[in-house]
$ cat entry_16.cif   # mmCIF, C-alpha atoms
data_start
#
loop_
_atom_site.label_atom_id
_atom_site.label_comp_id
_atom_site.auth_asym_id
_atom_site.auth_seq_id
_atom_site.Cartn_x
_atom_site.Cartn_y
_atom_site.Cartn_z
CA MET G 1 0.00 0.00 0.00
CA ASN G 2 1.11 3.55 -0.72
CA LEU G 3 1.28 4.89 2.83
CA PRO G 4 1.82 8.57 1.93
CA LEU G 5 -1.30 8.53 -0.26
CA TYR G 6 -3.30 6.98 2.58
CA GLU G 7 -2.03 9.52 5.10
CA TYR G 8 -2.53 12.49 2.77
CA SER G 9 -6.13 11.49 2.12
CA LEU G 10 -6.75 11.32 5.88
CA CYS G 11 -5.11 14.74 6.32
CA ILE G 12 -7.60 16.17 3.83
CA ALA G 13 -10.73 14.48 5.14
CA LEU G 14 -10.18 14.62 8.91
CA PRO G 15 -10.02 18.43 9.39
CA LEU G 16 -13.09 18.88 7.20
CA MET G 17 -15.03 16.31 9.20
CA ILE G 18 -14.12 17.92 12.51
CA PHE G 19 -15.00 21.39 11.26
CA PHE G 20 -18.35 20.35 9.78
CA GLY G 21 -19.31 18.32 12.84
CA ALA G 22 -18.35 21.07 15.31
CA TYR G 23 -20.13 23.71 13.25
CA PHE G 24 -23.34 21.69 13.10
CA LEU G 25 -23.24 21.21 16.86
CA LEU G 26 -22.27 24.71 17.97
CA ALA G 27 -23.27 27.24 15.30
CA PRO G 28 -26.30 29.37 16.24
CA THR G 29 -29.60 29.50 14.37
CA PRO G 30 -32.20 32.30 14.23
CA ASP G 31 -33.78 32.91 17.61
CA LYS G 32 -37.23 31.63 16.66
CA ALA G 33 -39.12 28.66 18.04
CA ILE G 34 -39.77 27.32 14.55
CA PHE G 35 -36.03 26.60 14.09
CA ALA G 36 -35.90 24.20 17.05
CA ASN G 37 -36.46 21.18 14.82
CA TYR G 38 -33.82 22.34 12.34
CA LEU G 39 -31.34 22.76 15.19
CA ARG G 40 -32.15 19.27 16.49
CA SER G 41 -31.57 17.78 13.05
CA ARG G 42 -28.30 19.62 12.58
CA ARG G 43 -26.99 18.53 15.97
CA ILE G 44 -27.78 14.89 15.20
CA MET G 45 -25.93 15.29 11.92
CA GLY G 46 -23.04 16.94 13.78
CA CYS G 47 -22.79 13.93 16.10
CA ALA G 48 -22.68 11.62 13.08
CA LEU G 49 -19.91 13.64 11.45
CA LEU G 50 -17.84 13.77 14.64
CA LEU G 51 -18.29 10.03 15.11
CA LEU G 52 -16.93 9.47 11.61
CA ALA G 53 -14.14 11.95 12.32
CA ALA G 54 -13.21 9.93 15.41
CA ASN G 55 -13.07 6.85 13.21
CA TYR G 56 -10.74 8.64 10.81
CA ALA G 57 -8.60 9.89 13.69
CA VAL G 58 -8.11 6.40 15.09
CA HIS G 59 -7.03 5.19 11.65
CA PHE G 60 -4.68 8.16 11.23
CA PHE G 61 -2.99 8.33 14.63
CA PHE G 62 -3.00 4.67 15.68
CA GLU G 63 -2.75 3.01 12.26
CA VAL G 64 -5.14 0.37 13.50
CA ARG G 65 -5.66 -1.04 10.02
CA PHE G 66 -1.99 -2.02 9.82
CA ARG G 67 -1.79 -3.32 13.39
CA ASP G 68 -4.97 -5.42 13.38
CA VAL G 69 -7.06 -5.45 10.22
CA HIS G 70 -9.91 -7.33 11.91
CA ALA G 71 -10.18 -4.70 14.64
CA ALA G 72 -10.23 -2.01 11.96
CA ILE G 73 -13.03 -3.75 10.09
CA LEU G 74 -15.01 -4.16 13.31
CA MET G 75 -14.62 -0.47 14.13
CA ASN G 76 -15.73 0.53 10.64
CA LEU G 77 -18.77 -1.74 10.62
CA SER G 78 -19.93 -0.53 14.03
CA THR G 79 -19.37 3.12 13.11
CA TYR G 80 -21.21 2.83 9.80
CA PHE G 81 -24.20 1.07 11.36
CA LEU G 82 -24.67 3.79 13.97
CA CYS G 83 -24.03 6.59 11.47
CA TYR G 84 -26.64 5.18 9.10
CA TRP G 85 -29.22 5.69 11.83
CA LEU G 86 -27.95 9.16 12.76
CA PHE G 87 -27.88 10.35 9.16
CA SER G 88 -31.37 9.08 8.37
CA SER G 89 -32.77 10.42 11.65
CA ALA G 90 -31.29 13.87 11.07
CA LEU G 91 -32.88 14.18 7.63
CA THR G 92 -36.18 12.46 8.41
CA THR G 93 -36.79 14.68 11.42
CA LEU G 94 -36.65 17.70 9.09
CA LEU G 95 -39.76 16.29 7.42
CA ASP G 96 -41.37 14.71 10.48
CA ARG G 97 -40.64 16.35 13.82
CA PHE G 98 -42.18 13.40 15.66
CA TYR G 99 -40.00 10.79 13.98
CA ILE G 100 -37.52 10.36 16.84
CA THR G 101 -39.19 8.65 19.79
CA ARG G 102 -37.81 6.86 22.83
CA ARG G 103 -39.08 3.54 21.55
CA ARG G 104 -37.46 4.02 18.15
CA LEU G 105 -34.24 5.20 19.77
CA ARG G 106 -34.06 2.11 22.01
CA LEU G 107 -34.82 -0.17 19.09
CA HIS G 108 -32.04 1.15 16.85
CA LEU G 109 -29.46 1.40 19.61
CA SER G 110 -30.21 -2.19 20.59
CA ALA G 111 -29.79 -3.26 16.97
CA TRP G 112 -26.46 -1.41 16.84
CA VAL G 113 -25.19 -3.13 20.01
CA LEU G 114 -26.27 -6.54 18.70
CA PHE G 115 -24.67 -5.89 15.32
CA THR G 116 -21.40 -4.81 16.96
CA LEU G 117 -21.31 -7.84 19.28
CA LEU G 118 -21.95 -10.32 16.49
CA SER G 119 -19.38 -8.62 14.25
CA GLY G 120 -16.86 -8.79 17.09
CA ILE G 121 -17.48 -12.49 17.63
CA ILE G 122 -17.04 -13.22 13.92
CA LEU G 123 -13.94 -11.06 13.43
CA LEU G 124 -12.14 -11.62 16.72
CA GLY G 125 -13.52 -14.92 17.94
CA LEU G 126 -13.62 -17.11 14.85
CA PRO G 127 -10.45 -18.37 13.15
CA GLU G 128 -9.81 -17.21 9.61
CA GLY G 129 -11.49 -19.49 7.15
CA ALA G 130 -14.80 -20.32 5.51
CA ALA G 131 -16.83 -19.78 8.68
CA GLN G 132 -15.45 -16.30 9.22
CA ARG G 133 -15.96 -15.33 5.58
CA ALA G 134 -19.54 -16.56 5.70
CA GLY G 135 -20.17 -14.62 8.90
CA LEU G 136 -18.70 -11.44 7.43
CA THR G 137 -20.89 -11.84 4.35
CA VAL G 138 -23.96 -12.03 6.56
CA MET G 139 -22.92 -8.93 8.53
CA ALA G 140 -22.15 -7.01 5.34
CA ALA G 141 -25.57 -7.94 3.96
CA TRP G 142 -27.17 -6.84 7.23
CA LEU G 143 -25.37 -3.50 7.08
CA VAL G 144 -26.34 -2.84 3.46
CA GLY G 145 -29.92 -3.97 4.04
CA TYR G 146 -30.21 -1.74 7.10
CA GLY G 147 -28.94 1.25 5.15
CA LEU G 148 -31.34 0.61 2.27
CA TRP G 149 -34.26 0.22 4.67
CA LEU G 150 -33.48 3.55 6.35
CA ALA G 151 -33.04 5.21 2.95
CA ARG G 152 -36.41 3.86 1.83
CA ARG G 153 -38.11 5.34 4.87
CA LEU G 154 -36.47 8.69 4.22
CA VAL G 155 -37.46 8.68 0.55
CA ARG G 156 -41.04 7.87 1.52
CA ALA G 157 -41.10 10.80 3.95
CA TYR G 158 -39.67 13.06 1.24
CA ARG G 159 -42.25 11.99 -1.34
CA ARG G 160 -45.06 12.38 1.17
CA ALA G 161 -43.92 15.94 1.91
CA VAL G 162 -43.71 16.77 -1.81
CA ARG G 163 -47.24 15.44 -2.36
CA LEU G 164 -48.46 17.51 0.57
CA PHE G 165 -46.88 20.66 -0.82
CA ASP G 166 -48.25 20.02 -4.31
CA ASP G 167 -51.75 19.48 -2.91
CA THR G 168 -51.76 22.59 -0.72
CA HIS G 169 -49.47 25.25 -2.22
CA SER G 170 -49.32 26.92 -5.60
CA ASP G 171 -45.56 27.49 -5.36
CA ASN G 172 -43.11 24.63 -5.89
CA ILE G 173 -42.05 24.25 -2.25
CA GLY G 174 -40.94 20.70 -3.00
CA ALA G 175 -37.94 22.20 -4.80
CA TYR G 176 -36.66 23.49 -1.45
CA ILE G 177 -36.22 19.96 -0.10
CA ARG G 178 -34.99 18.27 -3.29
CA TRP G 179 -31.47 18.21 -1.86
CA MET G 180 -32.65 15.59 0.66
CA SER G 181 -33.57 13.21 -2.14
CA VAL G 182 -30.26 13.84 -3.93
CA PHE G 183 -28.31 13.35 -0.72
CA THR G 184 -30.20 10.18 0.19
CA TRP G 185 -29.36 8.42 -3.08
CA TRP G 186 -25.80 9.68 -2.90
CA ALA G 187 -25.59 8.40 0.68
CA VAL G 188 -26.82 4.97 -0.42
CA ILE G 189 -24.12 4.75 -3.09
CA PHE G 190 -21.47 6.16 -0.78
CA GLY G 191 -22.49 3.98 2.18
CA VAL G 192 -22.55 0.77 0.18
CA GLY G 193 -19.23 1.71 -1.40
CA CYS G 194 -17.63 2.35 1.97
CA GLY G 195 -18.95 -0.94 3.28
CA LEU G 196 -17.39 -2.79 0.36
CA LEU G 197 -14.10 -0.91 0.62
CA THR G 198 -13.84 -2.03 4.23
CA PHE G 199 -13.20 -5.57 2.97
CA LEU G 200 -10.97 -4.67 0.01
CA PRO G 201 -7.16 -4.73 0.07
CA ASP G 202 -5.45 -1.87 1.88
CA ARG G 203 -4.21 -0.18 -1.27
CA TYR G 204 -7.81 0.87 -2.08
CA VAL G 205 -8.62 2.41 1.31
CA PHE G 206 -7.61 5.92 0.25
CA LEU G 207 -10.50 5.84 -2.27
CA TRP G 208 -12.93 5.40 0.62
CA ILE G 209 -11.42 8.40 2.42
CA LEU G 210 -11.21 10.75 -0.56
CA SER G 211 -14.73 9.93 -1.71
CA SER G 212 -16.05 11.33 1.56
CA VAL G 213 -14.72 14.84 0.88
CA PRO G 214 -17.21 15.94 -1.85
CA PHE G 215 -19.96 13.99 -0.09
CA TYR G 216 -19.69 15.95 3.14
CA ILE G 217 -19.05 19.27 1.43
CA TYR G 218 -22.36 18.83 -0.38
CA LEU G 219 -24.06 17.98 2.91
CA TYR G 220 -22.63 21.06 4.62
CA CYS G 221 -23.61 23.41 1.79
CA SER G 222 -27.10 21.90 1.62
CA TYR G 223 -27.73 22.43 5.33
CA MET G 224 -26.48 26.00 5.13
CA ASN G 225 -28.69 26.81 2.12
CA TYR G 226 -31.69 25.08 3.69
CA LEU G 227 -31.46 27.40 6.67
CA LEU G 228 -32.65 30.19 4.37
CA LEU G 229 -35.66 28.16 3.20
CA TYR G 230 -36.47 26.15 6.30
CA GLU G 231 -39.02 28.55 7.80
CA ARG G 232 -41.15 28.47 4.66
CA VAL G 233 -41.03 24.67 4.45
CA GLU G 234 -41.79 24.17 8.14
CA GLN G 235 -44.76 26.53 7.98
CA ALA G 236 -46.09 24.57 5.01
CA LEU G 237 -45.71 21.31 6.94
CA GLU G 238 -47.60 22.77 9.88
CA GLU G 239 -50.55 23.44 7.59
CA GLU G 240 -51.03 19.72 6.90
CA LEU G 241 -54.65 18.69 6.66
CA PRO G 242 -56.01 17.64 10.09
CA ALA G 243 -57.20 14.06 10.16
CA GLU G 244 -60.57 15.01 11.57
CA GLU G 245 -61.48 17.45 8.76
CA SER G 246 -64.50 16.29 6.82
CA ALA G 247 -64.37 15.73 3.08
CA THR G 248 -67.81 17.28 2.54
CA ASP G 249 -68.60 20.77 1.41
CA PRO G 250 -70.57 22.59 4.14
CA CYS G 251 -72.30 24.70 1.47
CA ASP G 252 -73.78 21.57 -0.14
CA SER G 253 -76.02 21.05 2.91
CA ASP G 254 -79.20 22.89 3.75
CA SER G 255 -78.25 22.85 7.42
CA PRO G 256 -75.05 22.25 9.40
CA ASP G 257 -76.35 18.89 10.60
CA ASP G 258 -77.18 17.53 7.15
CA THR G 259 -74.81 15.00 5.63
CA PRO G 260 -74.63 15.14 1.82
CA ASP G 261 -75.21 11.99 -0.15
CA PRO G 262 -71.76 10.64 -1.15
CA GLY G 263 -73.28 9.43 -4.41
CA ALA G 264 -74.08 13.00 -5.42
CA ARG G 265 -70.59 14.30 -4.71
CA PRO G 266 -69.21 13.94 -8.29
CA LEU G 267 -71.61 16.65 -9.49
CA HIS G 268 -70.01 19.36 -7.33
CA THR G 269 -72.44 21.79 -8.95
CA ASP G 270 -72.26 24.58 -6.38
CA LEU G 271 -68.48 24.37 -5.95
CA ALA G 272 -67.95 24.39 -9.70
CA ALA G 273 -69.93 27.61 -10.01
CA ARG G 274 -68.01 29.27 -7.21
CA LEU G 275 -64.69 28.17 -8.67
CA SER G 276 -65.68 29.48 -12.11
CA GLU G 277 -66.38 32.91 -10.63
CA TRP G 278 -63.03 32.87 -8.82
CA ILE G 279 -61.15 31.91 -11.99
CA THR G 280 -62.96 34.63 -13.98
CA ALA G 281 -61.79 37.15 -11.37
CA ASP G 282 -58.17 35.92 -11.88
CA GLY G 283 -57.81 34.93 -8.23
CA TYR G 284 -55.15 32.38 -9.15
CA LEU G 285 -52.64 35.12 -10.00
CA ARG G 286 -51.78 35.90 -6.40
CA PRO G 287 -48.28 34.57 -5.57
CA GLY G 288 -48.02 32.19 -2.64
CA LEU G 289 -51.65 31.08 -2.88
CA THR G 290 -52.55 28.06 -0.73
CA ILE G 291 -55.49 25.71 -0.89
CA ARG G 292 -56.48 26.81 2.61
CA GLU G 293 -56.88 30.40 1.41
CA LEU G 294 -58.85 29.31 -1.64
CA ALA G 295 -61.09 27.07 0.48
CA ASP G 296 -61.80 29.99 2.83
CA ALA G 297 -62.64 32.24 -0.13
CA LEU G 298 -65.04 29.62 -1.51
CA HIS G 299 -66.53 28.82 1.92
CA THR G 300 -65.59 25.15 1.74
CA ASN G 301 -62.88 23.01 3.34
CA ARG G 302 -59.52 21.96 2.00
CA THR G 303 -60.19 18.24 1.80
CA TYR G 304 -63.36 18.65 -0.23
CA LEU G 305 -61.72 21.19 -2.54
CA SER G 306 -58.68 18.97 -3.06
CA GLU G 307 -60.90 16.00 -3.89
CA TYR G 308 -62.83 18.11 -6.38
CA ILE G 309 -59.66 19.29 -8.16
CA LYS G 310 -58.36 15.74 -8.45
CA ALA G 311 -61.78 14.35 -9.47
CA THR G 312 -62.05 16.79 -12.36
CA GLY G 313 -58.75 15.58 -13.78
CA ASN G 314 -56.60 18.56 -12.89
CA GLY G 315 -54.00 16.68 -10.82
CA SER G 316 -52.61 18.34 -7.73
CA PHE G 317 -53.51 21.84 -6.57
CA ARG G 318 -50.12 23.17 -7.72
CA ASP G 319 -50.47 21.63 -11.19
CA TRP G 320 -53.95 23.08 -11.51
CA ILE G 321 -52.84 26.59 -10.50
CA THR G 322 -49.80 26.36 -12.75
CA ASP G 323 -52.01 25.44 -15.72
CA LEU G 324 -54.26 28.43 -15.05
CA ARG G 325 -51.30 30.77 -14.76
CA MET G 326 -49.72 29.33 -17.89
CA GLU G 327 -52.84 29.93 -19.94
CA TYR G 328 -53.06 33.46 -18.57
CA ALA G 329 -49.42 34.08 -19.51
CA LYS G 330 -50.05 32.81 -23.04
CA ARG G 331 -52.95 35.21 -23.47
CA ARG G 332 -50.85 38.09 -22.17
CA MET G 333 -47.99 37.26 -24.53
CA LEU G 334 -50.30 37.36 -27.54
CA GLN G 335 -52.41 40.33 -26.45
CA HIS G 336 -49.45 42.48 -25.30
CA PRO G 337 -46.45 41.81 -27.56
CA GLY G 338 -44.63 44.79 -26.04
CA LEU G 339 -44.42 43.20 -22.59
CA ASN G 340 -41.23 41.30 -21.87
CA ILE G 341 -41.21 37.76 -20.46
CA ALA G 342 -40.17 38.89 -16.96
CA GLU G 343 -43.15 41.24 -16.68
CA ILE G 344 -45.55 38.56 -17.88
CA ALA G 345 -44.11 35.99 -15.46
CA GLU G 346 -44.52 38.37 -12.54
CA THR G 347 -48.07 39.31 -13.54
CA ALA G 348 -49.02 35.65 -13.94
CA GLY G 349 -47.96 34.85 -10.37
CA PHE G 350 -44.78 32.87 -11.03
CA VAL G 351 -42.02 33.18 -8.42
CA SER G 352 -39.39 34.23 -10.98
CA PRO G 353 -38.90 34.59 -14.75
CA SER G 354 -36.50 31.63 -14.74
CA HIS G 355 -39.09 29.44 -13.02
CA PHE G 356 -41.72 30.51 -15.57
CA THR G 357 -39.38 29.79 -18.48
CA ARG G 358 -38.48 26.37 -17.08
CA MET G 359 -42.14 25.42 -16.54
CA PHE G 360 -43.13 26.76 -19.95
CA LYS G 361 -40.44 24.76 -21.76
CA ALA G 362 -41.43 21.63 -19.86
CA ARG G 363 -45.02 22.01 -21.06
CA GLU G 364 -44.64 23.45 -24.54
CA GLY G 365 -41.20 22.20 -25.57
CA VAL G 366 -39.99 25.70 -26.49
CA SER G 367 -39.11 28.88 -24.62
CA PRO G 368 -41.80 31.56 -24.09
CA SER G 369 -40.06 33.92 -26.53
CA ASN G 370 -39.95 31.35 -29.31
CA TRP G 371 -43.52 30.32 -28.63
CA ARG G 372 -44.71 33.91 -28.91
CA LYS G 373 -42.84 34.38 -32.21
CA THR G 374 -44.41 31.22 -33.59
CA GLN G 375 -47.91 32.04 -32.41
CA GLY G 376 -47.58 35.65 -33.51
CA GLY G 377 -46.59 34.52 -37.00
CA GLU G 378 -49.54 32.14 -37.22
CA SER G 379 -51.92 34.86 -36.05
CA SER G 380 -50.69 37.32 -38.70
CA MET G 381 -51.10 34.68 -41.43
CA LEU G 382 -54.67 34.11 -40.34
#
$ encode --input "entry_16.cif" --output "structure tokens"
Amino acid sequence: MNLPLYEYSLCIALPLMIFFGAYFLLAPTPDKAIFANYLRSRRIMGCALLLLAANYAVHFFFEVRFRDVHAAILMNLSTYFLCYWLFSSALTTLLDRFYITRRRLRLHLSAWVLFTLLSGIILLGLPEGAAQRAGLTVMAAWLVGYGLWLARRLVRAYRRAVRLFDDTHSDNIGAYIRWMSVFTWWAVIFGVGCGLLTFLPDRYVFLWILSSVPFYIYLYCSYMNYLLLYERVEQALEEELPAEESATDPCDSDSPDDTPDPGARPLHTDLAARLSEWITADGYLRPGLTIRELADALHTNRTYLSEYIKATGNGSFRDWITDLRMEYAKRRMLQHPGLNIAEIAETAGFVSPSHFTRMFKAREGVSPSNWRKTQGGESSML
């Protein structure tokens, strides 16, 4: 093994890990109660980073891999197992503040202790041979399976949050948390890779160390950027539909005690009329519109309104609002050729001209400017 390369890679990774972990633990956040969950998540992540830094430090200062390779493998397996839980908990709690419970904490810590004990018995108690190799294969499969299971739970929480945002907000709030999905898949690849490198010959270990540098830099930058967006996302999560809210429109009943016939619900006659009036008045142009605000304006509830939008084939609330704004923008582009794209995007309620252009190209296949030129030419020919 090239020892200088191994030591240089540790010299690069170790200071970064210590800095990131200490910053996540100690750096202040805005003095608002809403940031308490963000701070909790960041501190859990800081503990995970410092735990990995301690692992790196032991390798660097004590050269444990060269003194006792089995002890080094045991230390790595135990560290990775615990860090898998800490990483997933830190990110999942950003999407579900009630995710970490005492019962769940005891369960995962018990699994970590059991995993470490069994790994120790296999690595330090069994003689080298077929039995030890078989045992290590089982432990490696357990570690990878555990990581994939945690990643699956995190991805499910992410997708649930995105669906919630799409069903309740006109703006694309899901874009603010997309980094969690990117990081999760990256973590799966990185975690599985590190687990495999643990068993590879020593000359490949520096790859495991160097690969962590861009991984943790991305994590650090993502957490820092998310601090600017967290308040908006957390407020949106707090507006989640209460379980007890009825999916019936109170205005469909003659009295508060009447229960509408579920069989008549697809007609939605009264709600359709109210929505038509709201669309005619261009109510969808207001930036930051939520389904709660629309439901209040229409004197209905969010669940009933959401069901109506989906039942009429308009997809999520955000897709429906985006379609309305897009059609409005098209009319403006044709009726007012002197207006630039930025002015039209702002008038139509889009968060930025770049967002409008991106959404327009995704739907029409061309940029707004090119579309207007094409449509303008067709109109003049007619």
$ residues_near_point --input "entry_16.cif" --point "(-26.0, 27.2, 15.2)" --cutoff "12 Å" --atoms "all atoms listed in the file" --output "PDB file with C-alpha atoms, in the coordinates of the input"
ATOM      1  CA  PHE G  20     -18.350  20.350   9.780  1.00  0.00           C
ATOM      2  CA  GLY G  21     -19.310  18.320  12.840  1.00  0.00           C
ATOM      3  CA  ALA G  22     -18.350  21.070  15.310  1.00  0.00           C
ATOM      4  CA  TYR G  23     -20.130  23.710  13.250  1.00  0.00           C
ATOM      5  CA  PHE G  24     -23.340  21.690  13.100  1.00  0.00           C
ATOM      6  CA  LEU G  25     -23.240  21.210  16.860  1.00  0.00           C
ATOM      7  CA  LEU G  26     -22.270  24.710  17.970  1.00  0.00           C
ATOM      8  CA  ALA G  27     -23.270  27.240  15.300  1.00  0.00           C
ATOM      9  CA  PRO G  28     -26.300  29.370  16.240  1.00  0.00           C
ATOM     10  CA  THR G  29     -29.600  29.500  14.370  1.00  0.00           C
ATOM     11  CA  PRO G  30     -32.200  32.300  14.230  1.00  0.00           C
ATOM     12  CA  ASP G  31     -33.780  32.910  17.610  1.00  0.00           C
ATOM     13  CA  PHE G  35     -36.030  26.600  14.090  1.00  0.00           C
ATOM     14  CA  ALA G  36     -35.900  24.200  17.050  1.00  0.00           C
ATOM     15  CA  TYR G  38     -33.820  22.340  12.340  1.00  0.00           C
ATOM     16  CA  LEU G  39     -31.340  22.760  15.190  1.00  0.00           C
ATOM     17  CA  ARG G  40     -32.150  19.270  16.490  1.00  0.00           C
ATOM     18  CA  SER G  41     -31.570  17.780  13.050  1.00  0.00           C
ATOM     19  CA  ARG G  42     -28.300  19.620  12.580  1.00  0.00           C
ATOM     20  CA  ARG G  43     -26.990  18.530  15.970  1.00  0.00           C
ATOM     21  CA  GLY G  46     -23.040  16.940  13.780  1.00  0.00           C
ATOM     22  CA  TYR G 223     -27.730  22.430   5.330  1.00  0.00           C
ATOM     23  CA  MET G 224     -26.480  26.000   5.130  1.00  0.00           C
ATOM     24  CA  LEU G 227     -31.460  27.400   6.670  1.00  0.00           C
TER      25      LEU G 227
END
$ atom_distance --input "entry_16.cif" --atom1 "atom CA of Leu52 of chain G" --atom2 "atom CA of Arg133 of chain G"
25.5 Å
$ residues_around --input "entry_16.cif" --residues "Val113 of chain G" --least-positions-apart "3" --cutoff "12 Å" --atoms "only C-alpha atoms" --output "VMD selection string"
chain G and resid 77 to 79 81 to 82 106 to 110 116 to 120
$ closest_residue --input "entry_16.cif" --among "G:Asp166, G:Ile18, G:Tyr328, G:Ala131" --to "Leu51 of chain G" --atoms "all atoms listed in the file"
G:Ile18
$ residues_around --input "entry_16.cif" --residues "Glu238 of chain G" --least-positions-apart "5" --cutoff "12 Å" --atoms "only C-alpha atoms" --output "short mmCIF file (atom, residue, chain, number, x, y, z; two decimals) with C-alpha atoms, in the coordinates of the input"
data_model
loop_
_atom_site.label_atom_id
_atom_site.label_comp_id
_atom_site.auth_asym_id
_atom_site.auth_seq_id
_atom_site.Cartn_x
_atom_site.Cartn_y
_atom_site.Cartn_z
CA ILE G 34 -39.77 27.32 14.55
CA LEU G 95 -39.76 16.29 7.42
CA ASP G 96 -41.37 14.71 10.48
CA ARG G 97 -40.64 16.35 13.82
CA ALA G 161 -43.92 15.94 1.91
CA LEU G 164 -48.46 17.51 0.57
CA PHE G 165 -46.88 20.66 -0.82
CA THR G 168 -51.76 22.59 -0.72
CA GLU G 231 -39.02 28.55 7.80
CA ARG G 232 -41.15 28.47 4.66
CA VAL G 233 -41.03 24.67 4.45
#
$ closest_residue --input "entry_16.cif" --among "G:Ser367, G:Ser306, G:Thr184, G:Thr347" --to "Tyr84 of chain G" --atoms "all atoms listed in the file"
G:Thr184
$ atom_distance --input "entry_16.cif" --atom1 "atom CA of Val351 of chain G" --atom2 "atom CA of Pro337 of chain G"
21.5 Å
$ closest_residue --input "entry_16.cif" --among "G:Leu271, G:Ile279, G:Ala71, G:Leu324" --to "Tyr304 of chain G" --atoms "all atoms listed in the file"
G:Leu271
$ resolve_selection --input "entry_16.cif" --expression "the PyMOL selection byres ((chain G and resi 291) around 7)" --output "mmCIF file with C-alpha atoms, in the coordinates of the input"
data_model
loop_
_atom_site.group_PDB
_atom_site.id
_atom_site.type_symbol
_atom_site.label_atom_id
_atom_site.label_comp_id
_atom_site.auth_asym_id
_atom_site.auth_seq_id
_atom_site.Cartn_x
_atom_site.Cartn_y
_atom_site.Cartn_z
ATOM 1 C CA THR G 168 -51.760 22.590 -0.720
ATOM 2 C CA HIS G 169 -49.470 25.250 -2.220
ATOM 3 C CA LEU G 289 -51.650 31.080 -2.880
ATOM 4 C CA THR G 290 -52.550 28.060 -0.730
ATOM 5 C CA ARG G 292 -56.480 26.810 2.610
ATOM 6 C CA GLU G 293 -56.880 30.400 1.410
ATOM 7 C CA LEU G 294 -58.850 29.310 -1.640
ATOM 8 C CA ALA G 295 -61.090 27.070 0.480
ATOM 9 C CA ARG G 302 -59.520 21.960 2.000
#
$ atom_distance --input "entry_16.cif" --atom1 "atom CA of Leu91 of chain G" --atom2 "atom CA of Leu237 of chain G"
14.7 Å
$ resolve_selection --input "entry_16.cif" --expression "the PyMOL selection byres ((chain G and resi 179) around 10)" --output "count of residues only"
16
